[in-house]
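Enquirer: data02.txt is the file, holding compact mmCIF, C-alpha atoms and all ligand atoms:
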# COMPACT_ATOMS: atom_id res chain seq x y z
CA MET A 1204 52.35 -14.09 -52.74
CA VAL A 1205 48.97 -12.65 -51.77
CA ARG A 1206 46.06 -14.47 -53.44
CA LEU A 1207 42.93 -12.74 -54.60
CA TRP A 1208 40.75 -14.86 -52.28
CA MET A 1209 42.89 -13.76 -49.35
CA LEU A 1210 42.43 -10.12 -50.24
CA CYS A 1211 38.68 -10.53 -50.64
CA TRP A 1212 38.35 -12.38 -47.35
CA LEU A 1213 40.33 -9.63 -45.65
CA LEU A 1214 38.12 -7.01 -47.26
CA VAL A 1215 34.96 -8.73 -45.99
CA ALA A 1216 36.47 -9.03 -42.51
CA VAL A 1217 37.33 -5.32 -42.43
CA VAL A 1218 33.93 -4.26 -43.77
CA SER A 1219 32.04 -6.44 -41.25
CA LEU A 1220 34.25 -5.18 -38.44
CA ARG A 1221 33.41 -1.59 -39.41
CA ALA A 1222 29.72 -2.37 -39.55
CA GLU A 1223 29.80 -4.06 -36.15
CA HIS A 1224 31.84 -1.25 -34.73
CA SER A 1225 29.34 1.25 -36.01
CA ALA A 1226 26.37 -0.62 -34.46
CA ALA A 1227 28.31 -0.73 -31.19
CA ASP A 1228 28.95 3.00 -31.48
CA LEU A 1229 25.28 3.59 -32.02
CA ALA A 1230 24.37 1.46 -29.02
CA TYR A 1231 26.86 3.39 -26.90
CA ALA A 1232 25.44 6.72 -28.11
CA MET A 1233 21.89 5.53 -27.39
CA SER A 1234 22.80 4.59 -23.82
CA THR A 1235 24.87 7.65 -23.00
CA ARG A 1236 23.26 10.41 -25.04
CA TYR A 1237 20.16 9.78 -27.13
CA ALA A 1238 17.94 7.68 -24.90
CA PRO A 1239 19.74 6.93 -21.63
CA TYR A 1240 16.52 6.54 -19.60
CA ALA A 1241 14.32 4.93 -22.27
CA ASN A 1242 15.13 1.16 -22.49
CA TRP A 1243 15.74 1.95 -26.14
CA ASP A 1244 16.77 -1.56 -27.27
CA SER A 1245 13.17 -2.73 -27.52
CA VAL A 1246 12.27 0.25 -29.75
CA VAL A 1247 15.38 0.75 -31.91
CA ASP A 1248 17.46 -1.89 -33.74
CA VAL A 1249 20.97 -0.45 -33.99
CA ASP A 1250 22.07 -3.15 -36.48
CA VAL A 1251 19.40 -2.02 -38.92
CA LEU A 1252 20.18 1.64 -38.27
CA ALA A 1253 23.91 1.17 -38.78
CA ARG A 1254 23.35 -0.09 -42.34
CA GLN A 1255 21.36 2.98 -43.44
CA ARG A 1256 22.96 5.95 -45.17
CA VAL A 1257 21.59 9.48 -45.00
CA GLU A 1258 22.51 12.50 -47.13
CA ARG A 1259 23.75 15.72 -45.56
CA TYR A 1260 24.02 19.29 -46.79
CA TRP A 1261 26.74 20.44 -44.40
CA GLN A 1262 30.52 19.91 -44.24
CA THR A 1263 32.65 18.77 -41.33
CA ALA A 1264 35.48 20.95 -39.98
CA GLU A 1265 38.00 18.62 -41.68
CA GLU A 1266 36.28 18.90 -45.05
CA ILE A 1267 36.19 22.70 -44.81
CA ARG A 1268 39.83 22.88 -43.74
CA SER A 1269 41.00 20.54 -46.51
CA GLU A 1270 39.55 22.86 -49.15
CA ARG A 1271 40.95 26.02 -47.58
CA LYS A 1272 43.89 27.57 -49.43
CA VAL A 1273 46.98 28.55 -47.44
CA ASP A 1274 46.71 32.31 -47.94
CA THR A 1275 43.00 32.70 -47.14
CA ARG A 1276 41.45 33.93 -43.90
CA PRO A 1277 41.19 31.54 -40.92
CA LEU A 1278 37.48 30.67 -41.31
CA THR A 1279 37.19 30.76 -45.10
CA GLY A 1280 34.82 28.09 -46.41
CA LEU A 1281 32.73 27.90 -43.22
CA HIS A 1282 29.05 28.83 -43.38
CA ILE A 1283 27.48 29.41 -39.96
CA ALA A 1284 23.84 30.23 -39.22
CA LEU A 1285 23.16 32.16 -36.01
CA ASP A 1286 19.79 32.09 -34.31
CA PRO A 1287 19.05 34.99 -31.97
CA GLY A 1288 16.68 33.02 -29.72
CA HIS A 1289 13.08 34.23 -29.26
CA VAL A 1290 11.75 37.43 -30.84
CA GLY A 1291 11.67 40.30 -28.33
CA GLY A 1292 9.93 43.64 -28.86
CA ARG A 1293 6.15 43.60 -28.57
CA TRP A 1294 6.19 39.80 -28.53
CA ALA A 1295 8.54 39.48 -25.54
CA LYS A 1296 5.80 39.40 -22.90
CA TYR A 1297 3.95 36.60 -24.72
CA GLU A 1298 7.20 34.67 -24.91
CA GLY A 1299 7.65 35.07 -21.15
CA ARG A 1300 10.97 36.79 -21.87
CA ASP A 1301 10.40 40.31 -20.58
CA PHE A 1302 10.86 41.55 -17.00
CA VAL A 1303 12.10 44.34 -14.72
CA ILE A 1304 12.58 44.46 -10.98
CA GLU A 1305 11.93 48.20 -10.51
CA ASP A 1306 9.64 50.08 -12.90
CA SER A 1307 12.43 52.53 -13.68
CA ASP A 1308 14.83 49.73 -14.76
CA TYR A 1309 15.56 48.89 -18.40
CA ARG A 1310 13.37 46.01 -19.58
CA VAL A 1311 15.27 42.73 -19.82
CA ARG A 1312 14.18 41.06 -23.06
CA GLU A 1313 16.17 37.98 -24.00
CA GLY A 1314 15.28 38.22 -27.71
CA GLU A 1315 16.78 41.69 -27.99
CA LEU A 1316 19.93 40.99 -25.98
CA VAL A 1317 20.84 37.91 -28.01
CA LEU A 1318 20.10 39.71 -31.30
CA GLU A 1319 22.87 42.17 -30.50
CA VAL A 1320 25.21 39.30 -29.60
CA ALA A 1321 24.40 37.54 -32.89
CA GLN A 1322 25.07 40.70 -34.90
CA ARG A 1323 28.40 41.26 -33.14
CA VAL A 1324 29.41 37.60 -33.61
CA ARG A 1325 28.56 37.93 -37.31
CA SER A 1326 30.86 40.97 -37.72
CA GLN A 1327 33.77 39.12 -36.16
CA LEU A 1328 33.23 35.88 -38.07
CA LEU A 1329 32.89 37.77 -41.37
CA GLU A 1330 36.25 39.44 -40.66
CA LEU A 1331 37.71 35.96 -40.23
CA GLY A 1332 36.41 34.88 -43.63
CA ALA A 1333 33.30 32.88 -42.67
CA GLU A 1334 29.91 33.23 -44.34
CA VAL A 1335 27.28 34.04 -41.70
CA THR A 1336 23.48 34.03 -41.90
CA LEU A 1337 21.23 35.36 -39.15
CA LEU A 1338 17.77 33.88 -38.72
CA ARG A 1339 16.29 37.31 -37.94
CA GLU A 1340 17.45 40.91 -37.99
CA GLY A 1341 14.81 42.58 -35.84
CA ALA A 1342 12.17 41.98 -33.14
CA GLU A 1343 9.64 40.37 -35.50
CA PRO A 1344 8.98 36.65 -36.06
CA ILE A 1345 9.98 35.00 -39.35
CA ASN A 1346 6.96 32.67 -39.21
CA PRO A 1347 4.67 33.89 -42.05
CA LYS A 1348 1.59 32.52 -40.21
CA PRO A 1349 0.24 35.23 -37.86
CA PRO A 1350 -1.51 34.45 -34.55
CA LEU A 1351 -4.93 34.59 -36.24
CA ALA A 1352 -3.96 31.56 -38.37
CA TYR A 1353 -3.66 29.55 -35.12
CA LEU A 1354 -6.97 30.60 -33.60
CA GLU A 1355 -8.79 27.41 -34.56
CA LEU A 1356 -6.00 25.25 -33.12
CA ALA A 1357 -6.02 27.38 -29.94
CA ALA A 1358 -9.78 26.84 -29.64
CA ARG A 1359 -9.25 23.06 -29.73
CA GLN A 1360 -6.67 23.34 -26.95
CA ILE A 1361 -8.49 25.63 -24.53
CA ALA A 1362 -11.54 24.49 -22.60
CA ARG A 1363 -14.67 26.59 -23.11
CA PRO A 1364 -16.07 28.27 -20.01
CA LYS A 1365 -18.69 26.21 -18.16
CA GLU A 1366 -20.71 29.27 -17.21
CA LEU A 1367 -21.40 31.91 -19.82
CA ASN A 1368 -21.28 35.46 -18.56
CA PHE A 1369 -19.38 38.60 -19.51
CA GLU A 1370 -16.40 37.84 -17.25
CA THR A 1371 -15.93 34.18 -18.23
CA LEU A 1372 -16.29 35.04 -21.93
CA LEU A 1373 -13.74 37.83 -21.63
CA ASP A 1374 -11.30 35.49 -19.85
CA TYR A 1375 -11.88 32.86 -22.53
CA GLY A 1376 -11.16 35.49 -25.21
CA TYR A 1377 -7.88 36.49 -23.54
CA ALA A 1378 -6.85 32.84 -23.17
CA LEU A 1379 -7.55 32.22 -26.88
CA ARG A 1380 -5.60 35.31 -27.87
CA ASP A 1381 -2.59 34.41 -25.72
CA ARG A 1382 -2.54 30.80 -26.92
CA SER A 1383 -2.77 31.83 -30.61
CA ILE A 1384 0.12 34.25 -30.13
CA HIS A 1385 2.15 31.57 -28.36
CA LEU A 1386 1.48 29.03 -31.13
CA SER A 1387 2.58 31.59 -33.74
CA VAL A 1388 5.63 33.27 -32.17
CA VAL A 1389 6.97 30.34 -30.12
CA THR A 1390 6.02 26.86 -31.44
CA GLY A 1391 5.33 27.88 -35.06
CA GLU A 1392 8.35 30.19 -35.05
CA ILE A 1393 10.74 27.42 -33.96
CA ALA A 1394 9.35 25.06 -36.63
CA GLU A 1395 9.78 27.75 -39.28
CA ARG A 1396 13.36 28.52 -38.22
CA ALA A 1397 14.27 24.81 -38.43
CA ARG A 1398 12.64 24.58 -41.88
CA VAL A 1399 14.52 27.63 -43.17
CA VAL A 1400 17.86 26.27 -41.88
CA ASN A 1401 17.34 22.86 -43.52
CA GLU A 1402 15.77 23.96 -46.79
CA VAL A 1403 17.14 27.43 -47.50
CA ILE A 1404 20.29 28.32 -45.54
CA GLN A 1405 21.83 24.83 -45.30
CA PRO A 1406 24.83 25.97 -43.22
CA ASP A 1407 27.71 23.85 -41.88
CA ALA A 1408 26.64 24.56 -38.31
CA PHE A 1409 23.81 26.26 -36.46
CA ILE A 1410 24.18 28.12 -33.16
CA SER A 1411 21.13 29.27 -31.18
CA LEU A 1412 21.87 32.09 -28.74
CA HIS A 1413 20.00 32.45 -25.45
CA ILE A 1414 20.42 33.81 -21.93
CA ASN A 1415 19.14 31.55 -19.18
CA ALA A 1416 16.76 32.55 -16.37
CA ALA A 1417 15.82 30.83 -13.10
CA PRO A 1418 12.26 30.31 -11.81
CA TRP A 1419 11.29 33.20 -9.55
CA PRO A 1420 11.83 32.26 -5.92
CA LEU A 1421 9.03 31.47 -3.49
CA GLY A 1422 7.83 34.36 -1.37
CA ASP A 1423 8.86 34.69 2.27
CA ALA A 1424 6.52 33.07 4.75
CA LYS A 1425 4.62 35.34 7.09
CA PRO A 1426 4.18 33.96 10.60
CA GLY A 1427 1.62 31.16 10.55
CA GLU A 1428 1.45 31.02 6.73
CA GLN A 1429 1.70 27.65 5.02
CA ALA A 1430 4.56 27.23 2.55
CA MET A 1431 2.08 25.77 0.04
CA ALA A 1432 0.13 29.02 -0.03
CA LEU A 1433 3.13 31.06 -1.12
CA GLY A 1434 3.36 32.41 -4.63
CA ARG A 1435 6.44 33.17 -6.71
CA VAL A 1436 7.85 36.66 -6.28
CA LYS A 1437 9.94 38.82 -8.57
CA ARG A 1438 13.09 38.86 -6.48
CA LEU A 1439 16.57 38.27 -7.88
CA VAL A 1440 18.16 34.88 -7.24
CA LYS A 1441 21.71 34.03 -6.22
CA SER A 1442 22.38 31.19 -8.64
CA ASN A 1443 24.33 31.99 -11.82
CA HIS A 1444 25.79 29.43 -14.20
CA VAL A 1445 26.25 28.39 -17.83
CA HIS A 1446 25.51 25.39 -20.04
CA VAL A 1447 25.10 24.44 -23.68
CA LEU A 1448 22.63 21.98 -25.19
CA VAL A 1449 22.83 19.48 -28.02
CA PHE A 1450 20.22 16.98 -29.20
CA GLY A 1451 19.65 13.84 -27.13
CA CYS A 1452 17.89 12.40 -24.08
CA MET A 1453 14.69 11.21 -25.77
CA SER A 1454 12.11 9.65 -23.49
CA ARG A 1455 10.65 6.28 -24.37
CA ARG A 1456 7.43 7.97 -25.51
CA GLU A 1457 9.35 10.39 -27.74
CA LEU A 1458 11.46 7.60 -29.20
CA SER A 1459 8.28 5.65 -29.98
CA SER A 1460 6.77 8.50 -32.02
CA PRO A 1461 7.32 7.68 -35.74
CA ARG A 1462 7.94 11.34 -36.60
CA GLN A 1463 10.46 11.88 -33.84
CA GLN A 1464 12.16 8.58 -34.67
CA GLU A 1465 12.51 9.63 -38.30
CA GLN A 1466 14.03 12.97 -37.26
CA PHE A 1467 16.34 11.25 -34.83
CA VAL A 1468 17.52 8.65 -37.36
CA LYS A 1469 18.25 11.31 -39.96
CA LYS A 1470 20.26 13.40 -37.53
CA PHE A 1471 22.00 10.43 -35.97
CA LEU A 1472 23.10 8.92 -39.27
CA ASN A 1473 24.07 12.08 -41.11
CA GLY A 1474 26.98 12.48 -38.70
CA SER A 1475 25.79 15.55 -36.77
CA ALA A 1476 26.48 13.76 -33.51
CA ALA A 1477 30.27 13.95 -33.56
CA MET A 1478 30.46 17.54 -34.83
CA GLU A 1479 27.85 18.68 -32.32
CA HIS A 1480 29.81 17.11 -29.53
CA ARG A 1481 32.98 18.97 -30.57
CA LEU A 1482 31.29 22.30 -31.24
CA GLY A 1483 29.15 22.09 -28.09
CA ARG A 1484 32.12 21.35 -25.91
CA SER A 1485 34.21 24.08 -27.50
CA LEU A 1486 31.50 26.75 -27.17
CA GLY A 1487 30.66 25.64 -23.62
CA GLU A 1488 34.26 25.78 -22.49
CA ALA A 1489 34.76 29.18 -24.14
CA LEU A 1490 31.70 30.51 -22.28
CA ILE A 1491 32.95 29.11 -18.96
CA GLU A 1492 36.35 30.69 -19.51
CA ALA A 1493 34.91 34.08 -20.50
CA SER A 1494 32.30 34.28 -17.74
CA GLY A 1495 34.14 32.49 -14.94
CA LEU A 1496 30.85 30.72 -14.10
CA ASN A 1497 30.28 27.08 -13.18
CA ALA A 1498 28.37 24.57 -15.30
CA SER A 1499 24.61 24.33 -14.68
CA SER A 1500 22.97 21.14 -13.41
CA TYR A 1501 19.70 19.49 -14.43
CA GLU A 1502 17.77 17.25 -12.11
CA GLY A 1503 15.41 14.62 -13.45
CA GLU A 1504 15.40 12.64 -16.65
CA ASN A 1505 14.78 15.33 -19.28
CA ALA A 1506 18.50 16.06 -19.76
CA ILE A 1507 21.79 14.17 -19.49
CA ARG A 1508 25.40 15.16 -19.12
CA MET A 1509 26.84 13.14 -21.99
CA ASP A 1510 30.57 13.71 -21.55
CA VAL A 1511 32.16 13.57 -18.10
CA GLU A 1512 35.03 15.68 -19.40
CA ALA A 1513 32.66 18.43 -20.54
CA PRO A 1514 30.21 19.00 -17.67
CA VAL A 1515 29.02 22.23 -19.35
CA MET A 1516 27.36 20.27 -22.18
CA TRP A 1517 23.93 18.64 -21.78
CA ALA A 1518 21.80 16.65 -24.19
CA ARG A 1519 18.08 17.49 -24.37
CA ASN A 1520 15.29 16.71 -26.78
CA LEU A 1521 14.19 20.22 -27.78
CA MET A 1522 12.30 20.60 -31.08
CA LEU A 1523 14.91 22.94 -32.56
CA LEU A 1524 17.82 20.65 -31.64
CA ARG A 1525 16.05 17.59 -33.02
CA THR A 1526 14.74 19.02 -36.28
CA VAL A 1527 17.74 20.99 -37.57
CA GLU A 1528 19.79 18.45 -39.53
CA CYS A 1529 23.25 20.07 -39.37
CA PRO A 1530 25.35 20.23 -36.16
CA THR A 1531 23.32 22.41 -33.79
CA VAL A 1532 24.23 23.86 -30.40
CA LEU A 1533 22.03 25.99 -28.14
CA LEU A 1534 23.81 28.31 -25.70
CA GLU A 1535 22.42 29.13 -22.26
CA PRO A 1536 25.00 31.28 -20.48
CA TYR A 1537 24.17 33.44 -17.40
CA VAL A 1538 21.01 33.62 -15.27
CA ALA A 1539 19.34 36.89 -16.30
CA ASN A 1540 17.39 37.23 -13.05
CA SER A 1541 20.38 36.63 -10.78
CA GLU A 1542 21.79 39.48 -8.70
CA ALA A 1543 25.09 39.45 -10.59
CA VAL A 1544 23.73 39.27 -14.13
CA TYR A 1545 20.74 41.59 -13.70
CA SER A 1546 23.02 44.46 -12.70
CA ARG A 1547 25.42 43.71 -15.57
CA ILE A 1548 22.51 43.74 -18.04
CA GLN A 1549 21.22 47.02 -16.56
CA SER A 1550 24.68 48.60 -17.02
CA ALA A 1551 24.86 47.25 -20.57
CA LEU A 1552 21.43 48.65 -21.46
CA HIS A 1553 22.24 51.98 -19.77
CA ALA A 1554 25.46 52.34 -21.76
CA ARG A 1555 23.55 51.67 -25.00
CA ALA A 1556 20.69 54.03 -24.11
CA THR A 1557 23.08 56.90 -23.29
CA GLY A 1558 25.59 56.19 -26.07
CA ALA A 1559 28.39 55.76 -23.51
CA LYS A 1560 31.54 53.85 -24.43
CA LEU A 1561 31.04 50.17 -23.67
CA PRO A 1562 33.25 48.98 -20.79
CA ASP A 1563 35.60 46.02 -21.31
CA ASN A 1564 33.51 43.86 -18.98
CA ASP A 1565 30.27 44.50 -20.91
CA ILE A 1566 28.26 41.29 -20.65
CA LEU A 1567 27.18 41.21 -24.31
CA LEU A 1568 30.75 41.77 -25.53
CA GLU A 1569 31.92 38.97 -23.22
CA TYR A 1570 29.25 36.65 -24.65
CA THR A 1571 30.22 37.63 -28.23
CA ASP A 1572 33.93 36.96 -27.77
CA ALA A 1573 33.23 33.56 -26.20
CA VAL A 1574 31.11 32.44 -29.16
CA VAL A 1575 33.75 33.58 -31.66
CA SER A 1576 36.55 31.79 -29.82
CA GLY A 1577 34.45 28.60 -29.48
CA VAL A 1578 33.85 28.57 -33.25
CA ARG A 1579 37.50 29.30 -34.07
CA ALA A 1580 38.74 26.45 -31.89
CA VAL A 1581 36.79 23.96 -34.02
CA TYR A 1582 36.90 25.37 -37.55
CA GLU A 1583 40.10 27.41 -37.82
ZN ZN B 1601 15.92 31.50 -24.34
Output the structure of this file as structure tokens.
Expert:
Amino acid sequence: MVRLWMLCWLLVAVVSLRAEHSAADLAYAMSTRYAPYANWDSVVDVDVLARQRVERYWQTAEEIRSERKVDTRPLTGLHIALDPGHVGGRWAKYEGRDFVIEDSDYRVREGELVLEVAQRVRSQLLELGAEVTLLREGAEPINPKPPLAYLELAARQIARPKELNFETLLDYGYALRDRSIHLSVVTGEIAERARVVNEVIQPDAFISLHINAAPWPLGDAKPGEQAMALGRVKRLVKSNHVHVLVFGCMSRRELSSPRQQEQFVKKFLNGSAAMEHRLGRSLGEALIEASGLNASSYEGENAIRMDVEAPVMWARNLMLLRTVECPTVLLEPYVANSEAVYSRIQSALHARATGAKLPDNDILLEYTDAVVSGVRAVYE
């Protein structure tokens, strides 16, 4: 006959085992994903962390599925927020997301390309029964603070000219203007999007859509010219690849910042980690399959490949990834300034400008279908 004391002892053993297991899980995640280069164990105590509990506003795929009735549509119950990365339009040049090779080409603006992808993904996911919220619908920022509101901050960040004359003052004025715009439509915009996701939309998952670009290549050397003297030139590159990003890879300095540590702890403990891993892998593999491209590679210690079985997925400590509390994945398929992708984007923009029927291999349709199939594989 089982005695009460036996049961209680067993209960304590199981509970302690779970707690230990969870601290070990945390330690493993720290070493492989969150702070692999940071000697984290002198900054973070995983035993203390493992005992904390954090609230969450989002549901896991299992929770959504368990509430789904048999005769409903395949994604019923799922609420997804889609972020068309950047802004585009008149802001694109200040974002550094606006280029052409020939003057007569269609301008390549990342913010506008991914907005169309987000709108097309929304249509398909709505058909499948999901609720979908887009962070923006046009080429304007959602940050209510305009560039002028950042002028004082910009002035603290930019050195005043040493000599005062018309030219140096004009340059200083341009530098202040550009920095204020950047603070408003890039840094401030990302902070505002994260705030809106956490406080207003509160979706089950958040997907940020981008198209990657490579640094412009170095110019060709003329005879006798030193390589150091060469500037970057607007010439298409050969490399073309795809990757997706989830939160991780904090440096020791980042992990030591109280604010970043608080954000990290919240995200770590609310369970985003496991869902992000699944969604990131699924979206990354869908993009690889659709595009036929290889996974990108990072060099250096600002990113880590966290799963050997999913080389397409990298962990990085970007503000958006760190501050959004629900599972968040940022997509970086294609290299916009590669020979292959630039011509595909030009064809896509030409078809839209002339109202021609979109071909089956349209790059934005390919991107759209990959995102939809990556979401379905996790939540259907
Ligand atoms: Zn981007």
Enquirer: Which residue, A:Arg1380, A:Arg1300, A:His1413, A:Arg1396, has the smallest gap to ligand ZN 1601 (chain B) when you use all atoms listed in the file?
Expert: A:His1413
Enquirer: Please extract the residues at most 12 Å from ligand ZN 1601 (chain B), counting only C-alpha atoms and all ligand atoms, and provide them as a ChimeraX atom specification, using the chain letters and residue numbers of this document.
Expert: /A:1286-1291,1295,1298-1301,1312-1318,1389,1393,1411-1417,1447-1448,1521,1523,1533-1539
Enquirer: Between CA of Arg1555 in chain A and CA of Gln1327 in chain A, measure the distance and give it in Å to one decimal.
Expert: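 Pair CA of Arg1555 in chain A / CA of Gln1327 in chain A returns 19.7 Å.
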Enquirer: For each of A:Val1468, A:Val1403, A:Leu1229, A:Ala1477, take the minimum atom-to-atom distance to Val1257 in chain A, counting only C-alpha atoms, then give the residue where this is smallest.
Expert: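 Of the candidates, the smallest distance to Val1257 in chain A is held by A:Val1468.
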Enquirer: Give me the residues near Met1509 in chain A as a PyMOL selection string, where near means some atom within 12 Å (using only C-alpha atoms) and where sequence neighbours in that chain fewer than 5 positions away do not count.
Expert: chain A and resi 1231-1239+1447-1452+1476+1479-1480+1483-1484+1514-1519
Enquirer: For CA of Gly1292 in chain A and CA of Glu1355 in chain A, determine how far apart the two atoms are, in Å to one decimal place.
Expert: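 Distance between the two atoms: 25.4 Å.
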Enquirer: Could you pull the residues within 12 Å of Tyr1375 in chain A, counting all atoms listed in the file, minus those fewer than 6 positions along the same chain, as a list of chain:residue names?
Expert: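 My reading of the contact set: A:Ala1357, A:Ala1358, A:Gln1360, A:Ile1361, A:Ala1362, A:Arg1363, A:Pro1364, A:Lys1365, A:Glu1366, A:Leu1367, A:Asn1368, A:Phe1369, A:Asp1381, A:Arg1382.
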Enquirer: Just the residues within 7 Å of Ile1283 in chain A, please, counting only C-alpha atoms, with nothing from its chain fewer than 4 positions along; format it as a ChimeraX atom specification.
Expert: /A:1334-1336,1406-1409
Enquirer: Taking 5 positions as the minimum chain separation for residues in the same chain, which residues sit within 9 Å of Pro1418 in chain A when counting all atoms listed in the file? Answer as a short mmCIF file (atom, residue, chain, number, x, y, z; two decimals) with C-alpha atoms, in the frame of the given file.
Expert:
data_model
loop_
_atom_site.label_atom_id
_atom_site.label_comp_id
_atom_site.auth_asym_id
_atom_site.auth_seq_id
_atom_site.Cartn_x
_atom_site.Cartn_y
_atom_site.Cartn_z
CA ARG A 1435 6.44 33.17 -6.71
CA VAL A 1440 18.16 34.88 -7.24
CA ASN A 1540 17.39 37.23 -13.05
#
Enquirer: Could I get the residues of range 1356-1405 of chain A with an atom no further than 6 Å from an atom of range 1340-1352 of chain A, each paired with its nearest atom pair and that distance in Å to one decimal, using only C-alpha atoms, sorted by chain and residue number, as a Markdown table?
Expert:
| residue | atom | partner | partner_atom | distance |
| --- | --- | --- | --- | --- |
| A:Ser1383 | CA | A:Pro1350 | CA | 4.9 |
| A:Ile1384 | CA | A:Pro1350 | CA | 4.7 |
| A:Ser1387 | CA | A:Pro1350 | CA | 5.1 |
| A:Glu1392 | CA | A:Asn1346 | CA | 5.0 |
| A:Glu1395 | CA | A:Asn1346 | CA | 5.7 |
Enquirer: Name the closest residue to Ala1264 in chain A among the candidates A:Asp1308, A:Met1478, A:Ile1491, A:Glu1402; distances are taken between atoms, counting only C-alpha atoms.
Expert: A:Met1478
Enquirer: Of the residues A:Glu1270, A:Trp1419, A:Gln1549, A:Gly1332, which is the one nearest to Leu1439 in chain A, using only C-alpha atoms?
Expert: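 Answer, going by the shortest atom-to-atom distance: A:Trp1419.
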